[in-house]
Amino acid sequence: NALVAYGNQLADEAGLPIFLQGSPYGFPIYEKHGFETVQYLDVDLREWAKGAKGGDRGFGNYRFRYMVRLPRTVPEMS
């Protein structure tokens, strides 16, 4: 949380948007800090893991989210 908040602060000070790819487990943290999902990619890992297709073995469908957070402030012009 602290690292994301710090990155947001730096981006806000510079007036820059942030783009990232959120993992299935990490994206809630980014949502909490103001990121929005703009697109996603669903990947069925059973297609790629040896022996997982029939028995799953903990693999499954994962949704990777492409996220953006626009700056909250506009930098002052000198």
# chains A, B, ... in the order shown; residues from 1 in each chain; ligands from 1

$ residues_around --residues "A:Phe19" --least-positions-apart "4" --cutoff "8 Å" --atoms "only C-alpha atoms" --output "PyMOL selection string"
chain A and resi 66-69

$ atom_distance --atom1 "atom CA of A:Phe27" --atom2 "atom CA of A:Lys50"
27.2 Å

$ select_by_dssp --residues "chain A" --states "alpha helix (DSSP H)" --output "PyMOL selection string"
chain A and resi 2-14+27-32+52-55

$ write_last_selection --atoms "C-alpha atoms" --output "short mmCIF file (atom, residue, chain, number, x, y, z; two decimals), in the first residue's frame"
data_model
loop_
_atom_site.label_atom_id
_atom_site.label_comp_id
_atom_site.auth_asym_id
_atom_site.auth_seq_id
_atom_site.Cartn_x
_atom_site.Cartn_y
_atom_site.Cartn_z
CA ALA A 2 2.75 2.43 0.92
CA LEU A 3 4.65 1.81 -2.30
CA VAL A 4 1.55 2.34 -4.47
CA ALA A 5 0.66 5.51 -2.54
CA TYR A 6 4.19 6.83 -3.00
CA GLY A 7 4.14 6.10 -6.74
CA ASN A 8 0.77 7.84 -7.02
CA GLN A 9 2.18 10.87 -5.19
CA LEU A 10 5.15 11.11 -7.57
CA ALA A 11 2.91 10.75 -10.63
CA ASP A 12 0.50 13.38 -9.29
CA GLU A 13 3.32 15.84 -8.66
CA ALA A 14 4.54 15.35 -12.24
CA PHE A 27 -5.57 -5.68 -8.72
CA PRO A 28 -7.73 -4.99 -5.61
CA ILE A 29 -4.85 -2.97 -4.12
CA TYR A 30 -4.67 -0.84 -7.25
CA GLU A 31 -8.45 -0.32 -7.26
CA LYS A 32 -8.21 0.84 -3.67
CA ALA A 52 -3.28 -29.67 -15.76
CA LYS A 53 -5.91 -30.01 -18.46
CA GLY A 54 -7.57 -33.11 -17.00
CA GLY A 55 -6.70 -32.75 -13.33
#

$ atom_distance --atom1 "atom CA of A:Glu36" --atom2 "atom CA of A:Phe59"
26.3 Å

$ atom_distance --atom1 "atom CA of A:Asn61" --atom2 "atom CA of A:Gln39"
16.2 Å

$ closest_residue --among "A:Glu47, A:Asn1, A:Gly15, A:Gly26" --to "A:Arg65" --atoms "only C-alpha atoms"
A:Gly26

$ closest_residue --among "A:Glu76, A:Ser23, A:Phe35, A:Ile18" --to "A:Tyr62" --atoms "only C-alpha atoms"
A:Ser23

$ select_by_dssp --residues "chain A" --states "strand (DSSP E or B)" --output "count of residues only"
23
